[in-house]
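Here is the file upload-v8.cif (mmCIF, C-alpha atoms).
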data_protein
loop_
_atom_site.label_atom_id
_atom_site.label_comp_id
_atom_site.auth_asym_id
_atom_site.auth_seq_id
_atom_site.Cartn_x
_atom_site.Cartn_y
_atom_site.Cartn_z
CA MET A 1 177.10 84.54 79.19
CA GLU A 2 177.90 84.43 75.48
CA TYR A 3 180.08 81.36 75.96
CA LEU A 4 177.30 79.64 77.90
CA ASP A 5 174.98 80.21 74.95
CA TRP A 6 177.53 78.60 72.64
CA ILE A 7 177.86 75.58 74.91
CA LEU A 8 174.07 75.28 75.07
CA MET A 9 173.89 75.36 71.26
CA VAL A 10 176.38 72.51 71.03
CA LEU A 11 174.49 70.43 73.61
CA LEU A 12 171.18 71.07 71.86
CA GLY A 13 172.79 69.99 68.61
CA VAL A 14 174.13 66.76 70.12
CA PHE A 15 170.76 65.82 71.63
CA SER A 16 168.76 66.79 68.53
CA GLY A 17 171.18 65.04 66.18
CA ALA A 18 171.24 61.77 68.10
CA TYR A 19 167.51 61.68 68.71
CA GLY A 20 166.65 62.81 65.21
CA VAL A 21 168.66 60.04 63.59
CA LEU A 22 166.92 57.42 65.75
CA VAL A 23 163.56 58.43 64.26
CA GLY A 24 164.88 59.01 60.73
CA ALA A 25 164.95 62.79 60.89
CA GLY A 26 167.56 65.51 61.00
CA GLY A 27 166.72 66.70 64.50
CA GLY A 28 165.26 70.01 63.36
CA PHE A 29 161.83 69.26 64.82
CA ILE A 30 163.49 69.55 68.24
CA LEU A 31 166.24 72.06 67.48
CA SER A 32 164.19 74.73 65.69
CA PRO A 33 161.55 75.18 68.42
CA MET A 34 164.22 74.99 71.13
CA LEU A 35 166.16 77.83 69.49
CA LEU A 36 162.97 79.87 69.20
CA LEU A 37 162.12 79.28 72.86
CA LEU A 38 165.54 79.53 74.52
CA PHE A 39 167.07 82.33 72.49
CA ASP A 40 163.86 84.30 71.78
CA THR A 41 164.72 84.83 68.12
CA GLU A 42 162.45 87.33 66.39
CA GLU A 43 163.41 86.31 62.85
CA PRO A 44 161.96 82.85 62.16
CA GLU A 45 163.54 82.77 58.70
CA MET A 46 166.99 82.90 60.31
CA VAL A 47 166.13 79.95 62.56
CA ALA A 48 164.63 77.97 59.69
CA GLY A 49 167.52 78.67 57.32
CA THR A 50 170.33 78.12 59.81
CA VAL A 51 168.88 74.93 61.27
CA LEU A 52 168.11 73.50 57.83
CA ALA A 53 171.69 74.19 56.73
CA ALA A 54 173.02 72.36 59.79
CA ILE A 55 170.57 69.50 59.21
CA ALA A 56 171.60 69.17 55.57
CA ILE A 57 175.29 68.90 56.50
CA ASN A 58 174.57 66.43 59.29
CA SER A 59 172.27 64.34 57.08
CA ILE A 60 175.03 63.97 54.51
CA LEU A 61 177.42 62.69 57.19
CA VAL A 62 174.84 60.29 58.66
CA ALA A 63 173.76 59.11 55.20
CA ILE A 64 177.36 58.10 54.47
CA ARG A 65 177.32 55.97 57.61
CA TYR A 66 174.01 54.37 56.62
CA ILE A 67 175.40 53.67 53.14
CA ARG A 68 178.26 51.73 54.71
CA MET A 69 175.73 49.82 56.80
CA LYS A 70 173.79 49.04 53.56
CA VAL A 71 170.41 49.94 55.02
CA VAL A 72 169.34 52.56 52.46
CA ASP A 73 166.55 51.97 49.94
CA TYR A 74 168.19 54.08 47.23
CA ARG A 75 165.39 54.10 44.67
CA SER A 76 162.79 55.19 47.22
CA ALA A 77 165.09 57.79 48.79
CA LEU A 78 165.85 59.38 45.41
CA LEU A 79 162.16 59.48 44.51
CA PHE A 80 161.33 61.08 47.87
CA ALA A 81 164.08 63.67 47.45
CA GLY A 82 162.99 64.53 43.91
CA ALA A 83 159.41 65.07 45.05
CA ALA A 84 160.43 67.17 48.07
CA ALA A 85 163.10 69.40 46.48
CA PRO A 86 160.74 71.91 44.75
CA GLY A 87 158.78 72.44 47.97
CA ALA A 88 162.02 72.93 49.90
CA VAL A 89 162.97 75.79 47.57
CA ILE A 90 159.51 77.39 47.75
CA GLY A 91 159.39 77.08 51.55
CA ALA A 92 162.59 79.12 51.89
CA PHE A 93 160.92 82.02 50.07
CA GLY A 94 157.66 81.67 52.00
CA VAL A 95 158.88 81.82 55.60
CA SER A 96 160.06 85.44 55.42
CA ALA A 97 156.54 86.55 54.48
CA VAL A 98 155.02 85.31 57.77
CA ALA A 99 154.96 87.32 61.01
CA PRO A 100 156.95 85.80 63.91
CA GLU A 101 153.84 85.32 66.07
CA ILE A 102 152.01 83.49 63.29
CA PHE A 103 155.10 81.38 62.59
CA ARG A 104 155.33 80.26 66.21
CA THR A 105 151.61 79.46 66.36
CA LEU A 106 151.71 77.45 63.13
CA PHE A 107 154.83 75.63 64.30
CA GLY A 108 153.16 74.78 67.61
CA ILE A 109 150.07 73.47 65.86
CA LEU A 110 152.21 71.30 63.60
CA LEU A 111 153.97 69.78 66.60
CA LEU A 112 150.70 69.13 68.43
CA LEU A 113 149.28 67.41 65.35
CA LEU A 114 152.34 65.17 65.29
CA ALA A 115 151.91 64.40 69.00
CA LEU A 116 148.25 63.50 68.44
CA GLN A 117 149.17 61.30 65.51
CA LEU A 118 151.61 59.37 67.67
CA ALA A 119 149.29 59.18 70.68
CA PHE A 120 146.22 57.85 68.86
CA ARG A 121 147.76 55.10 66.76
CA PRO A 122 146.66 52.01 68.70
CA ASN A 123 148.95 49.67 66.78
CA ILE A 124 152.16 51.72 67.04
CA VAL A 125 153.54 49.79 70.03
CA ARG A 126 153.04 46.43 68.38
CA VAL A 127 154.35 47.75 65.06
CA LEU A 128 157.59 49.10 66.47
CA ARG A 129 158.12 46.11 68.74
CA ILE A 130 158.35 43.72 65.82
CA GLY A 131 160.08 46.27 63.56
CA GLN A 132 157.53 46.09 60.75
CA ALA A 133 154.13 47.57 60.09
CA ARG A 134 150.79 46.22 59.06
CA ARG A 135 150.24 48.02 55.78
CA LEU A 136 147.43 50.56 56.14
CA ILE A 137 147.60 51.25 52.41
CA SER A 138 147.61 47.85 50.79
CA LEU A 139 148.27 48.61 47.13
CA PRO A 140 151.55 46.81 46.43
CA VAL A 141 153.26 48.00 43.28
CA SER A 142 156.98 47.81 44.01
CA GLN A 143 158.97 45.22 45.88
CA ARG A 144 162.25 45.69 47.71
CA HIS A 145 164.89 43.26 48.91
CA ILE A 146 167.73 44.74 50.95
CA THR A 147 170.60 42.87 52.56
CA THR A 148 172.52 44.86 55.15
CA ALA A 149 176.25 44.81 55.81
CA THR A 150 175.64 42.37 58.67
CA GLY A 151 173.68 39.98 56.44
CA GLN A 152 170.20 40.83 57.72
CA GLU A 153 167.57 40.67 54.98
CA TYR A 154 164.52 42.90 54.57
CA ARG A 155 161.69 42.22 52.10
CA TYR A 156 158.70 44.54 51.72
CA GLU A 157 156.32 45.89 49.10
CA PHE A 158 154.42 49.17 48.85
CA ASN A 159 152.70 51.60 46.51
CA GLU A 160 155.58 53.66 45.19
CA THR A 161 153.46 56.48 43.77
CA LEU A 162 151.59 57.13 47.01
CA ALA A 163 154.74 56.86 49.12
CA THR A 164 156.44 59.43 46.92
CA SER A 165 153.57 61.90 46.51
CA PHE A 166 153.24 63.02 50.13
CA ASN A 167 156.89 64.12 50.08
CA VAL A 168 155.87 67.13 48.00
CA VAL A 169 154.25 68.67 51.08
CA LEU A 170 157.06 67.54 53.38
CA GLY A 171 159.57 69.40 51.25
CA PHE A 172 157.78 72.69 51.82
CA ILE A 173 157.29 72.04 55.53
CA SER A 174 160.95 71.13 55.99
CA SER A 175 162.25 74.38 54.54
CA PHE A 176 159.51 76.64 55.91
CA PHE A 177 160.03 75.51 59.51
CA GLY A 178 163.62 74.29 59.23
CA ILE A 179 162.77 70.85 60.55
CA GLY A 180 163.80 68.45 57.81
CA GLY A 181 160.50 66.55 57.62
CA GLY A 182 161.90 63.11 58.38
CA PHE A 183 160.07 62.91 61.69
CA LEU A 184 156.82 62.88 59.69
CA ARG A 185 158.05 60.71 56.83
CA THR A 186 159.44 57.81 58.85
CA PRO A 187 156.24 56.98 60.81
CA VAL A 188 154.20 57.17 57.60
CA LEU A 189 156.58 54.87 55.74
CA VAL A 190 156.47 52.38 58.60
CA LEU A 191 152.80 52.49 59.52
CA ALA A 192 151.18 53.13 56.15
CA PHE A 193 153.54 51.50 53.66
CA GLY A 194 155.12 48.63 55.56
CA PHE A 195 158.74 49.79 55.54
CA PRO A 196 160.98 48.16 58.15
CA VAL A 197 161.80 50.81 60.76
CA ARG A 198 165.55 50.69 60.15
CA ILE A 199 165.20 51.01 56.36
CA ALA A 200 162.66 53.81 56.67
CA ALA A 201 164.92 55.83 58.97
CA ALA A 202 168.03 55.39 56.82
CA SER A 203 166.23 56.11 53.54
CA SER A 204 164.58 59.17 55.07
CA VAL A 205 167.94 60.60 56.14
CA PHE A 206 169.41 59.92 52.69
CA ALA A 207 166.52 61.77 51.02
CA LEU A 208 166.82 64.62 53.52
CA ALA A 209 170.50 65.05 52.66
CA ILE A 210 169.48 65.83 49.08
CA TYR A 211 166.40 68.04 49.35
CA GLY A 212 167.57 69.61 52.61
CA SER A 213 170.66 70.81 50.75
CA ALA A 214 168.44 72.35 48.06
CA GLY A 215 166.42 74.21 50.70
CA ALA A 216 169.55 75.28 52.61
CA LEU A 217 171.17 76.67 49.47
CA THR A 218 168.03 78.69 48.79
CA HIS A 219 168.01 80.02 52.35
CA GLY A 220 171.67 80.92 51.94
CA TYR A 221 170.92 82.83 48.75
CA LEU A 222 168.22 84.77 50.63
CA GLY A 223 170.58 85.56 53.52
CA ASN A 224 168.68 83.43 56.02
CA ILE A 225 171.69 81.62 57.48
CA GLU A 226 173.65 82.85 60.50
CA LEU A 227 177.08 81.28 60.06
CA PHE A 228 178.45 82.38 63.45
CA PRO A 229 177.76 81.43 66.12
CA THR A 230 174.57 79.46 65.46
CA LEU A 231 175.47 77.34 62.44
CA LEU A 232 178.98 76.64 63.72
CA PHE A 233 177.95 75.41 67.15
CA ILE A 234 174.65 73.67 66.44
CA GLY A 235 176.22 72.15 63.34
CA THR A 236 179.08 70.76 65.41
CA GLY A 237 176.64 69.35 67.95
CA LEU A 238 174.42 67.83 65.25
CA ALA A 239 177.40 66.16 63.57
CA VAL A 240 178.52 64.55 66.83
CA GLY A 241 174.99 63.60 67.90
CA GLY A 242 174.12 62.26 64.47
CA GLN A 243 177.01 59.82 64.46
CA PHE A 244 176.14 58.77 68.00
CA GLY A 245 172.52 58.20 67.01
CA ALA A 246 173.55 56.13 64.01
CA MET A 247 175.58 53.87 66.30
CA LEU A 248 172.57 53.43 68.58
CA SER A 249 170.24 52.71 65.66
CA GLY A 250 168.76 49.26 66.05
CA ARG A 251 169.92 48.97 69.68
CA ILE A 252 167.28 51.12 71.36
CA GLY A 253 163.68 49.90 71.32
CA GLY A 254 161.51 51.84 68.87
CA VAL A 255 158.66 51.94 71.37
CA TRP A 256 160.65 54.04 73.86
CA VAL A 257 161.97 56.28 71.11
CA MET A 258 158.44 57.13 69.99
CA ARG A 259 157.17 57.61 73.54
CA MET A 260 159.92 60.12 74.28
CA LEU A 261 159.23 61.82 70.97
CA LEU A 262 155.56 62.20 71.88
CA VAL A 263 156.31 63.95 75.18
CA VAL A 264 158.97 66.28 73.78
CA VAL A 265 156.93 67.30 70.74
CA PHE A 266 153.79 67.93 72.79
CA LEU A 267 155.54 70.21 75.30
CA LEU A 268 157.32 72.17 72.58
CA GLY A 269 154.08 72.60 70.66
CA VAL A 270 152.17 73.94 73.66
CA ARG A 271 154.94 76.40 74.49
CA LEU A 272 155.20 77.73 70.96
CA ILE A 273 151.44 78.26 70.67
CA TRP A 274 151.44 80.10 73.99
CA GLN A 275 154.20 82.43 72.81
CA GLY A 276 152.52 82.99 69.46
CA VAL A 277 149.14 83.83 70.95
CA ALA A 278 150.63 85.99 73.70
CA GLY A 279 152.54 87.95 71.07
#

Let me see the file written as structure tokens.
Amino acid sequence: MEYLDWILMVLLGVFSGAYGVLVGAGGGFILSPMLLLLFDTEEPEMVAGTVLAAIAINSILVAIRYIRMKVVDYRSALLFAGAAAPGAVIGAFGVSAVAPEIFRTLFGILLLLLALQLAFRPNIVRVLRIGQARRLISLPVSQRHITTATGQEYRYEFNETLATSFNVVLGFISSFFGIGGGFLRTPVLVLAFGFPVRIAAASSVFALAIYGSAGALTHGYLGNIELFPTLLFIGTGLAVGGQFGAMLSGRIGGVWVMRMLLVVVFLLGVRLIWQGVAG
């Protein structure tokens, strides 16, 4: 039975890593709740710390691949990481102070809010179909021009201060729940600030590699990381899945990616709330 659990951890890591990269996240928004539900862990800080450590390692590997593809907006990613890093450190200290039932309930509510956000954006299908967003916050301050390794050019402009500021909250959320935060950042960058989907996803992963490492190191200092078997096996799965997802990036329609994300997140949120309320 123990070996079956290890195999399941690897498979969860592969799925979460591949899917997470497609939406510009580390996969923790799927992996963390799945570990809570399938393995009935009573210490949420161990789940948050271990998953965030695996996400940080995987994000570094995927970021290297995106760098070679030349699809990273470096200035934006560094600003996002700098804004998120303090919250990532604070979140690692905060999660151990919350009861497991409350943690599950809060996590479930967060996932349902994400599902609602995705479900009630009437322009999301059109936005993702053309690969660019109508800017919902039209205060252009900075302009970007990126040419990828294949010669594709991207030009966009956005308010740099606003785009950076909301990462302060994402940093705390990422470390508190062990989810990375990219699954929230990427849709906002695309829908509110006009980032091309591919650039938003790559830049989000690059930023996550930096502030996720800061949060993971803090969790490690606090003893919130289970090296064996969880980190070893989910980390291996994430690394494999992350590379696979990077290869699929740009080949799978964004509309279907977001539709699948909506269903998965909604079901996980409902289940976590049920467990939290039931005690």

Proximity check segment 155-265 of chain A to segment 69-93 of chain A, 10 Å, nearest pairs one decimal Å, all atoms listed in the file, as CSV:
residue,atom,partner,partner_atom,distance
A:Glu160,CA,A:Ser76,CA,7.6
A:Thr161,CA,A:Leu79,CA,9.2
A:Ala163,CA,A:Phe80,CA,7.9
A:Thr164,CA,A:Phe80,CA,5.2
A:Ser165,CA,A:Ala83,CA,6.8
A:Phe166,CA,A:Ala83,CA,8.3
A:Asn167,CA,A:Ala84,CA,5.1
A:Val168,CA,A:Ala84,CA,4.6
A:Val169,CA,A:Gly87,CA,6.7
A:Leu170,CA,A:Ala84,CA,6.3
A:Gly171,CA,A:Ala84,CA,4.0
A:Phe172,CA,A:Gly87,CA,4.0
A:Ile173,CA,A:Gly91,CA,6.8
A:Ser174,CA,A:Ala88,CA,6.4
A:Ser175,CA,A:Ala88,CA,4.9
A:Phe176,CA,A:Gly91,CA,4.4
A:Phe177,CA,A:Gly91,CA,8.1
A:Gly178,CA,A:Ala92,CA,8.8
A:Gly180,CA,A:Ala88,CA,9.3
A:Gly181,CA,A:Ala84,CA,9.6
A:Arg185,CA,A:Phe80,CA,9.5
A:Phe195,CA,A:Asp73,CA,9.9
A:Arg198,CA,A:Val71,CA,7.1
A:Ile199,CA,A:Val71,CA,5.5
A:Ala200,CA,A:Asp73,CA,8.0
A:Ala201,CA,A:Val72,CA,8.5
A:Ala202,CA,A:Val72,CA,5.4
A:Ser203,CA,A:Val72,CA,4.8
A:Ser204,CA,A:Ala77,CA,6.5
A:Val205,CA,A:Ala77,CA,8.4
A:Phe206,CA,A:Ala77,CA,6.2
A:Ala207,CA,A:Ala81,CA,4.7
A:Leu208,CA,A:Ala81,CA,6.7
A:Ala209,CA,A:Ala81,CA,8.4
A:Ile210,CA,A:Ala81,CA,6.0
A:Tyr211,CA,A:Ala85,CA,4.6
A:Gly212,CA,A:Ala88,CA,7.0
A:Ser213,CA,A:Ala85,CA,8.8
A:Ala214,CA,A:Ala85,CA,6.3
A:Gly215,CA,A:Ala88,CA,4.7
A:Ala216,CA,A:Ala92,CA,8.0
A:Leu217,CA,A:Val89,CA,8.5
A:Thr218,CA,A:Val89,CA,6.0
A:His219,CA,A:Ala92,CA,5.5
A:Gly220,CA,A:Ala92,CA,9.3
A:Tyr221,CA,A:Ala92,CA,9.6
A:Leu222,CA,A:Phe93,CA,7.8
A:Asn224,CA,A:Ala92,CA,8.5
A:Ala246,CA,A:Met69,CA,9.8

Residues within 9 Å of (153.5, 82.5, 69.7), counting all atoms listed in the file, listed as number ranges by chain:
A: 100-108, 271-279

Just-selected residues, C-alpha atoms written as a PDB file, keeping the file's coordinate frame:
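Output (result.pdb):
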ATOM      1  CA  PRO A 100     156.950  85.800  63.910  1.00  0.00           C
ATOM      2  CA  GLU A 101     153.840  85.320  66.070  1.00  0.00           C
ATOM      3  CA  ILE A 102     152.010  83.490  63.290  1.00  0.00           C
ATOM      4  CA  PHE A 103     155.100  81.380  62.590  1.00  0.00           C
ATOM      5  CA  ARG A 104     155.330  80.260  66.210  1.00  0.00           C
ATOM      6  CA  THR A 105     151.610  79.460  66.360  1.00  0.00           C
ATOM      7  CA  LEU A 106     151.710  77.450  63.130  1.00  0.00           C
ATOM      8  CA  PHE A 107     154.830  75.630  64.300  1.00  0.00           C
ATOM      9  CA  GLY A 108     153.160  74.780  67.610  1.00  0.00           C
ATOM     10  CA  ARG A 271     154.940  76.400  74.490  1.00  0.00           C
ATOM     11  CA  LEU A 272     155.200  77.730  70.960  1.00  0.00           C
ATOM     12  CA  ILE A 273     151.440  78.260  70.670  1.00  0.00           C
ATOM     13  CA  TRP A 274     151.440  80.100  73.990  1.00  0.00           C
ATOM     14  CA  GLN A 275     154.200  82.430  72.810  1.00  0.00           C
ATOM     15  CA  GLY A 276     152.520  82.990  69.460  1.00  0.00           C
ATOM     16  CA  VAL A 277     149.140  83.830  70.950  1.00  0.00           C
ATOM     17  CA  ALA A 278     150.630  85.990  73.700  1.00  0.00           C
ATOM     18  CA  GLY A 279     152.540  87.950  71.070  1.00  0.00           C
TER      19      GLY A 279
END

A:Ala239, A:Phe244, A:Phe29, A:Phe233 ranked by distance to Leu112 of chain A, top pick (using only C-alpha atoms):
A:Phe29

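With the shown file loaded, the PyMOL selection byres ((chain A and resi 263) around 12) picks out Ile30, Leu111, Leu112, Leu114, Ala115, Leu116, Leu118, Ala119, Trp256, Val257, Met258, Arg259, Met260, Leu261, Leu262, Val264, Val265, Phe266, Leu267, Leu268, Gly269 and Val270 of chain A.
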
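Proximity ranking of A:Ile146, A:Val141, A:Val190, A:Ile225 relative to Met46 of chain A places A:Ile225 first, based on only C-alpha atoms.
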
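In this comparison, which uses only C-alpha atoms, the residue of A:Ile57, A:Leu36, A:Leu31, A:Leu227 approaching Gly13 of chain A most closely is A:Leu31.
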
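Closest to Thr50 of chain A among A:Ala97, A:Leu35, A:Ile7, A:Leu189 is A:Leu35, based on all atoms listed in the file.
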
Output the residue selection produced by the PyMOL selection byres ((chain A and resi 1-5) around 10) on the file above, formatted as a PyMOL selection string.
chain A and resi 6-11+38-39+229-230+233
